[in-house]
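K.L.:
What follows is run-v7.pdb, made up of PDB, C-alpha atoms:
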```pdb
ATOM      1  CA  MET A 543       0.000   0.000   0.000  1.00  0.00           C
ATOM      2  CA  THR A 544       1.334   3.441  -0.880  1.00  0.00           C
ATOM      3  CA  LYS A 545       1.558   6.275   1.609  1.00  0.00           C
ATOM      4  CA  VAL A 546      -1.206   8.122  -0.250  1.00  0.00           C
ATOM      5  CA  SER A 547      -3.624   5.174  -0.172  1.00  0.00           C
ATOM      6  CA  ALA A 548      -2.815   4.579   3.509  1.00  0.00           C
ATOM      7  CA  ARG A 549      -3.667   8.223   4.286  1.00  0.00           C
ATOM      8  CA  VAL A 550      -6.923   7.980   2.308  1.00  0.00           C
ATOM      9  CA  GLY A 551      -7.819   4.785   4.204  1.00  0.00           C
ATOM     10  CA  ASP A 552      -6.959   6.430   7.524  1.00  0.00           C
ATOM     11  CA  ARG A 553      -9.149   9.415   6.673  1.00  0.00           C
ATOM     12  CA  ALA A 554     -12.056   7.157   5.658  1.00  0.00           C
ATOM     13  CA  ARG A 555     -11.783   5.231   8.939  1.00  0.00           C
ATOM     14  CA  ALA A 556     -11.539   8.498  10.891  1.00  0.00           C
ATOM     15  CA  ARG A 557     -14.694   9.791   9.195  1.00  0.00           C
ATOM     16  CA  SER A 558     -16.519   6.509   9.829  1.00  0.00           C
ATOM     17  CA  ALA A 559     -15.581   6.783  13.501  1.00  0.00           C
ATOM     18  CA  ALA A 560     -16.745  10.422  13.524  1.00  0.00           C
ATOM     19  CA  ARG A 561     -20.134   9.423  12.078  1.00  0.00           C
ATOM     20  CA  LEU A 562     -20.690   6.712  14.672  1.00  0.00           C
ATOM     21  CA  ALA A 563     -19.590   9.063  17.464  1.00  0.00           C
ATOM     22  CA  ALA A 564     -21.917  11.802  16.156  1.00  0.00           C
ATOM     23  CA  VAL A 565     -24.872   9.407  16.279  1.00  0.00           C
ATOM     24  CA  GLN A 566     -23.903   8.428  19.834  1.00  0.00           C
ATOM     25  CA  ALA A 567     -23.433  12.049  20.904  1.00  0.00           C
ATOM     26  CA  LEU A 568     -26.774  13.140  19.482  1.00  0.00           C
ATOM     27  CA  TYR A 569     -28.464  10.151  21.115  1.00  0.00           C
ATOM     28  CA  GLN A 570     -26.943  11.197  24.451  1.00  0.00           C
ATOM     29  CA  GLN A 571     -28.016  14.790  23.846  1.00  0.00           C
ATOM     30  CA  GLU A 572     -31.603  13.691  23.201  1.00  0.00           C
ATOM     31  CA  MET A 573     -31.667  11.392  26.242  1.00  0.00           C
ATOM     32  CA  GLU A 574     -30.026  13.761  28.732  1.00  0.00           C
ATOM     33  CA  GLY A 575     -30.509  17.219  27.244  1.00  0.00           C
ATOM     34  CA  THR A 576     -26.761  17.864  27.433  1.00  0.00           C
ATOM     35  CA  ALA A 577     -25.723  21.219  25.977  1.00  0.00           C
ATOM     36  CA  ILE A 578     -23.853  20.827  22.683  1.00  0.00           C
ATOM     37  CA  ALA A 579     -20.672  22.547  23.941  1.00  0.00           C
ATOM     38  CA  ALA A 580     -20.490  20.223  26.966  1.00  0.00           C
ATOM     39  CA  LEU A 581     -21.255  17.218  24.784  1.00  0.00           C
ATOM     40  CA  LEU A 582     -18.485  18.059  22.316  1.00  0.00           C
ATOM     41  CA  HIS A 583     -16.048  18.592  25.173  1.00  0.00           C
ATOM     42  CA  GLU A 584     -16.933  15.229  26.719  1.00  0.00           C
ATOM     43  CA  PHE A 585     -16.479  13.393  23.431  1.00  0.00           C
ATOM     44  CA  HIS A 586     -13.198  15.194  22.645  1.00  0.00           C
ATOM     45  CA  GLN A 587     -11.768  14.406  26.067  1.00  0.00           C
ATOM     46  CA  HIS A 588     -13.120  10.957  26.821  1.00  0.00           C
ATOM     47  CA  ARG A 589     -14.547   9.170  23.796  1.00  0.00           C
ATOM     48  CA  LEU A 590     -12.898   9.948  20.465  1.00  0.00           C
ATOM     49  CA  GLY A 591      -9.939   7.611  20.023  1.00  0.00           C
ATOM     50  CA  ALA A 592     -10.231   6.357  23.603  1.00  0.00           C
ATOM     51  CA  THR A 593      -9.873   2.869  25.011  1.00  0.00           C
ATOM     52  CA  ILE A 594     -13.066   1.913  26.850  1.00  0.00           C
ATOM     53  CA  GLU A 595     -13.424  -1.492  28.536  1.00  0.00           C
ATOM     54  CA  ASP A 596     -10.332  -2.809  26.702  1.00  0.00           C
ATOM     55  CA  VAL A 597     -11.733  -1.753  23.310  1.00  0.00           C
ATOM     56  CA  GLU A 598      -9.616   0.789  21.455  1.00  0.00           C
ATOM     57  CA  TYR A 599     -11.698   3.143  19.329  1.00  0.00           C
ATOM     58  CA  VAL A 600     -10.377   4.562  16.079  1.00  0.00           C
ATOM     59  CA  ASP A 601      -9.413   8.209  16.205  1.00  0.00           C
ATOM     60  CA  ALA A 602     -12.279  10.156  14.714  1.00  0.00           C
ATOM     61  CA  GLU A 603     -11.882  13.194  12.479  1.00  0.00           C
ATOM     62  CA  VAL A 604     -12.718  15.748  15.153  1.00  0.00           C
ATOM     63  CA  ASP A 605     -13.621  18.647  12.834  1.00  0.00           C
ATOM     64  CA  PHE A 606     -15.969  16.395  10.862  1.00  0.00           C
ATOM     65  CA  PHE A 607     -17.540  15.069  14.083  1.00  0.00           C
ATOM     66  CA  ASP A 608     -18.047  18.632  15.349  1.00  0.00           C
ATOM     67  CA  ASP A 609     -19.585  19.748  12.052  1.00  0.00           C
ATOM     68  CA  VAL A 610     -22.094  16.892  12.009  1.00  0.00           C
ATOM     69  CA  VAL A 611     -23.131  17.293  15.656  1.00  0.00           C
ATOM     70  CA  LYS A 612     -23.394  21.096  15.490  1.00  0.00           C
ATOM     71  CA  GLY A 613     -25.044  20.984  12.073  1.00  0.00           C
ATOM     72  CA  VAL A 614     -27.741  18.526  13.132  1.00  0.00           C
ATOM     73  CA  ASP A 615     -28.407  20.590  16.241  1.00  0.00           C
ATOM     74  CA  ALA A 616     -28.623  23.871  14.309  1.00  0.00           C
ATOM     75  CA  ARG A 617     -30.812  22.479  11.537  1.00  0.00           C
ATOM     76  CA  ARG A 618     -32.854  19.964  13.542  1.00  0.00           C
ATOM     77  CA  ALA A 619     -36.282  21.375  12.590  1.00  0.00           C
ATOM     78  CA  GLU A 620     -35.407  21.395   8.875  1.00  0.00           C
ATOM     79  CA  ILE A 621     -33.870  17.911   9.059  1.00  0.00           C
ATOM     80  CA  ASP A 622     -36.765  16.467  11.037  1.00  0.00           C
ATOM     81  CA  ALA A 623     -39.288  17.857   8.559  1.00  0.00           C
ATOM     82  CA  LEU A 624     -37.303  16.376   5.677  1.00  0.00           C
ATOM     83  CA  VAL A 625     -37.024  12.939   7.303  1.00  0.00           C
ATOM     84  CA  ALA A 626     -40.690  12.981   8.365  1.00  0.00           C
ATOM     85  CA  SER A 627     -41.739  13.788   4.788  1.00  0.00           C
ATOM     86  CA  LYS A 628     -40.199  10.490   3.647  1.00  0.00           C
ATOM     87  CA  LEU A 629     -41.862   8.299   6.276  1.00  0.00           C
ATOM     88  CA  ALA A 630     -44.868   6.171   5.405  1.00  0.00           C
ATOM     89  CA  GLU A 631     -48.277   7.676   6.018  1.00  0.00           C
ATOM     90  CA  GLY A 632     -49.220   7.440   9.669  1.00  0.00           C
ATOM     91  CA  TRP A 633     -45.605   7.321  10.837  1.00  0.00           C
ATOM     92  CA  THR A 634     -43.923  10.123  12.739  1.00  0.00           C
ATOM     93  CA  LEU A 635     -40.333  10.710  13.717  1.00  0.00           C
ATOM     94  CA  ASP A 636     -41.306  10.121  17.353  1.00  0.00           C
ATOM     95  CA  ARG A 637     -42.353   6.556  16.520  1.00  0.00           C
ATOM     96  CA  LEU A 638     -38.804   5.671  15.492  1.00  0.00           C
ATOM     97  CA  ASP A 639     -36.231   4.323  17.929  1.00  0.00           C
ATOM     98  CA  ARG A 640     -33.980   7.077  19.266  1.00  0.00           C
ATOM     99  CA  PRO A 641     -30.776   5.626  17.741  1.00  0.00           C
ATOM    100  CA  LEU A 642     -32.540   5.253  14.389  1.00  0.00           C
ATOM    101  CA  ARG A 643     -33.665   8.901  14.559  1.00  0.00           C
ATOM    102  CA  GLN A 644     -30.075  10.000  15.105  1.00  0.00           C
ATOM    103  CA  ILE A 645     -28.797   7.872  12.220  1.00  0.00           C
ATOM    104  CA  LEU A 646     -31.373   9.419   9.894  1.00  0.00           C
ATOM    105  CA  ARG A 647     -30.721  12.946  11.173  1.00  0.00           C
ATOM    106  CA  THR A 648     -26.968  12.695  10.725  1.00  0.00           C
ATOM    107  CA  GLY A 649     -27.287  11.139   7.283  1.00  0.00           C
ATOM    108  CA  ALA A 650     -29.822  13.759   6.206  1.00  0.00           C
ATOM    109  CA  TYR A 651     -27.551  16.521   7.505  1.00  0.00           C
ATOM    110  CA  GLU A 652     -24.644  15.273   5.428  1.00  0.00           C
ATOM    111  CA  LEU A 653     -26.850  15.030   2.350  1.00  0.00           C
ATOM    112  CA  LEU A 654     -28.020  18.609   2.894  1.00  0.00           C
ATOM    113  CA  ALA A 655     -24.810  20.285   4.001  1.00  0.00           C
ATOM    114  CA  ARG A 656     -21.805  18.237   2.932  1.00  0.00           C
ATOM    115  CA  ALA A 657     -21.739  18.452  -0.861  1.00  0.00           C
ATOM    116  CA  ASP A 658     -18.063  17.463  -0.612  1.00  0.00           C
ATOM    117  CA  VAL A 659     -19.131  13.924   0.366  1.00  0.00           C
ATOM    118  CA  PRO A 660     -20.635  11.715  -2.374  1.00  0.00           C
ATOM    119  CA  VAL A 661     -24.207  10.482  -1.891  1.00  0.00           C
ATOM    120  CA  GLY A 662     -23.141   6.838  -2.154  1.00  0.00           C
ATOM    121  CA  THR A 663     -20.565   7.287   0.581  1.00  0.00           C
ATOM    122  CA  ILE A 664     -23.067   8.923   2.929  1.00  0.00           C
ATOM    123  CA  ILE A 665     -25.735   6.272   2.432  1.00  0.00           C
ATOM    124  CA  SER A 666     -23.256   3.397   2.717  1.00  0.00           C
ATOM    125  CA  GLU A 667     -21.681   4.835   5.859  1.00  0.00           C
ATOM    126  CA  TYR A 668     -24.995   5.281   7.655  1.00  0.00           C
ATOM    127  CA  VAL A 669     -26.165   1.812   6.624  1.00  0.00           C
ATOM    128  CA  ASP A 670     -22.941   0.601   8.294  1.00  0.00           C
ATOM    129  CA  VAL A 671     -23.736   2.666  11.397  1.00  0.00           C
ATOM    130  CA  ALA A 672     -27.226   1.128  11.450  1.00  0.00           C
ATOM    131  CA  ASP A 673     -25.570  -2.292  11.284  1.00  0.00           C
ATOM    132  CA  ALA A 674     -23.914  -1.559  14.645  1.00  0.00           C
ATOM    133  CA  PHE A 675     -27.362  -1.189  16.251  1.00  0.00           C
ATOM    134  CA  TYR A 676     -29.869  -3.114  14.168  1.00  0.00           C
ATOM    135  CA  ALA A 677     -30.673  -6.079  11.956  1.00  0.00           C
ATOM    136  CA  LYS A 678     -31.192  -6.209   8.210  1.00  0.00           C
ATOM    137  CA  ARG A 679     -34.665  -4.625   8.166  1.00  0.00           C
ATOM    138  CA  GLU A 680     -33.518  -1.362   9.749  1.00  0.00           C
ATOM    139  CA  LYS A 681     -30.456  -1.183   7.498  1.00  0.00           C
ATOM    140  CA  GLY A 682     -32.759  -1.397   4.475  1.00  0.00           C
ATOM    141  CA  PHE A 683     -34.969   1.290   5.982  1.00  0.00           C
ATOM    142  CA  VAL A 684     -31.982   3.629   6.460  1.00  0.00           C
ATOM    143  CA  ASN A 685     -30.824   2.920   2.911  1.00  0.00           C
ATOM    144  CA  GLY A 686     -34.226   3.626   1.370  1.00  0.00           C
ATOM    145  CA  LEU A 687     -35.000   6.725   3.397  1.00  0.00           C
ATOM    146  CA  LEU A 688     -31.592   8.355   2.854  1.00  0.00           C
ATOM    147  CA  ASP A 689     -31.816   7.509  -0.854  1.00  0.00           C
ATOM    148  CA  ALA A 690     -35.206   9.263  -1.048  1.00  0.00           C
ATOM    149  CA  ILE A 691     -33.764  12.315   0.732  1.00  0.00           C
ATOM    150  CA  ALA A 692     -30.751  12.331  -1.587  1.00  0.00           C
ATOM    151  CA  LYS A 693     -33.010  12.356  -4.647  1.00  0.00           C
ATOM    152  CA  GLU A 694     -34.726  15.452  -3.286  1.00  0.00           C
ATOM    153  CA  VAL A 695     -31.775  17.469  -1.992  1.00  0.00           C
ATOM    154  CA  ARG A 696     -28.969  16.430  -4.358  1.00  0.00           C
ATOM    155  CA  ARG A 697     -30.573  16.992  -7.752  1.00  0.00           C
TER
END
```
As structure tokens, what does this structure read like?

P.N.:
Amino acid sequence: MTKVSARVGDRARARSAARLAAVQALYQQEMEGTAIAALLHEFHQHRLGATIEDVEYVDAEVDFFDDVVKGVDARRAEIDALVASKLAEGWTLDRLDRPLRQILRTGAYELLARADVPVGTIISEYVDVADAFYAKREKGFVNGLLDAIAKEVRR
């Protein structure tokens, strides 16, 4: 492997770790009502790249993590309306599991605000995040819903 391809692989892993951490941070924020500044500080100091219960976590791209967490928080109403518009009739965002809500919010944020990241990468990454929490059915749901959002916001 060349130095360039190793750096690209490291960056991809760091972004994957940032996405998973962003979902976890936003879940914690929803559960506990933690202020965003305090939440970011906690994750910077104690979670990103840390070893917890003998498991070493990959260093996350901190700036990317911060952008996703702050962006979802700042645009939550817009994001929630967008996600809700893609749910089946009779379904609301509140009916979804909290982790699933955060996965969809973070994915929708990237589709809206991170034109530098390809649609396929975003959808694939959040399907992988869903895989950490759920079975096949939920992964398909994440894939389909983010694809529908992408078709609307990334014309």

K.L.:
If you measure from CA of Leu562 in chain A to CA of Phe585 in chain A, what distance in Å do you get, rounded to one decimal?

P.N.:
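The value is 11.8 Å.
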
K.L.:
Apply the PyMOL selection byres ((chain A and resi 666) around 12) to the file shown and report the selected residues as a PyMOL selection string.

P.N.:
chain A and resi 558+561+645+649+659-665+667-673+681-682+684-686+688-689

K.L.:
Compare A:Lys628, A:Arg553, A:Arg618, A:Arg679 by their minimum atom-to-atom distance to Ala692 in chain A, counting all atoms listed in the file, and give me the closest one.

P.N.:
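Closest to Ala692 in chain A, using all atoms listed in the file: A:Lys628.
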
K.L.:
Could you give me, as a count of residues only, the residues within 10 Å of range 604-613 of chain A, counting all atoms listed in the file and dropping anything in the same chain fewer than 4 positions from it?

P.N.:
33

K.L.:
In Å, how far is it from CA of Arg637 in chain A to CA of Ala580 in chain A?

P.N.:
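Atom-to-atom, CA of Arg637 in chain A to CA of Ala580 in chain A, that is 27.8 Å.
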
K.L.:
Convert the output of the PyMOL selection byres ((chain A and resi 635) around 9) on the shown file into explicit residues, formatted as a list in words.

P.N.:
Asp622, Ala623, Val625, Ala626, Leu629, Trp633, Thr634, Asp636, Arg637, Leu638, Asp639 and Arg643 of chain A

K.L.:
Can you tell me how far CA of Leu646 in chain A sits from CA of Glu694 in chain A, in Å to one decimal?

P.N.:
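CA of Glu694 in chain A lies 14.9 Å from CA of Leu646 in chain A.
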
K.L.:
Which is closer to Asp658 in chain A than all the others in A:Arg696, A:His588, A:His583, A:Arg555, using only C-alpha atoms?

P.N.:
A:Arg696
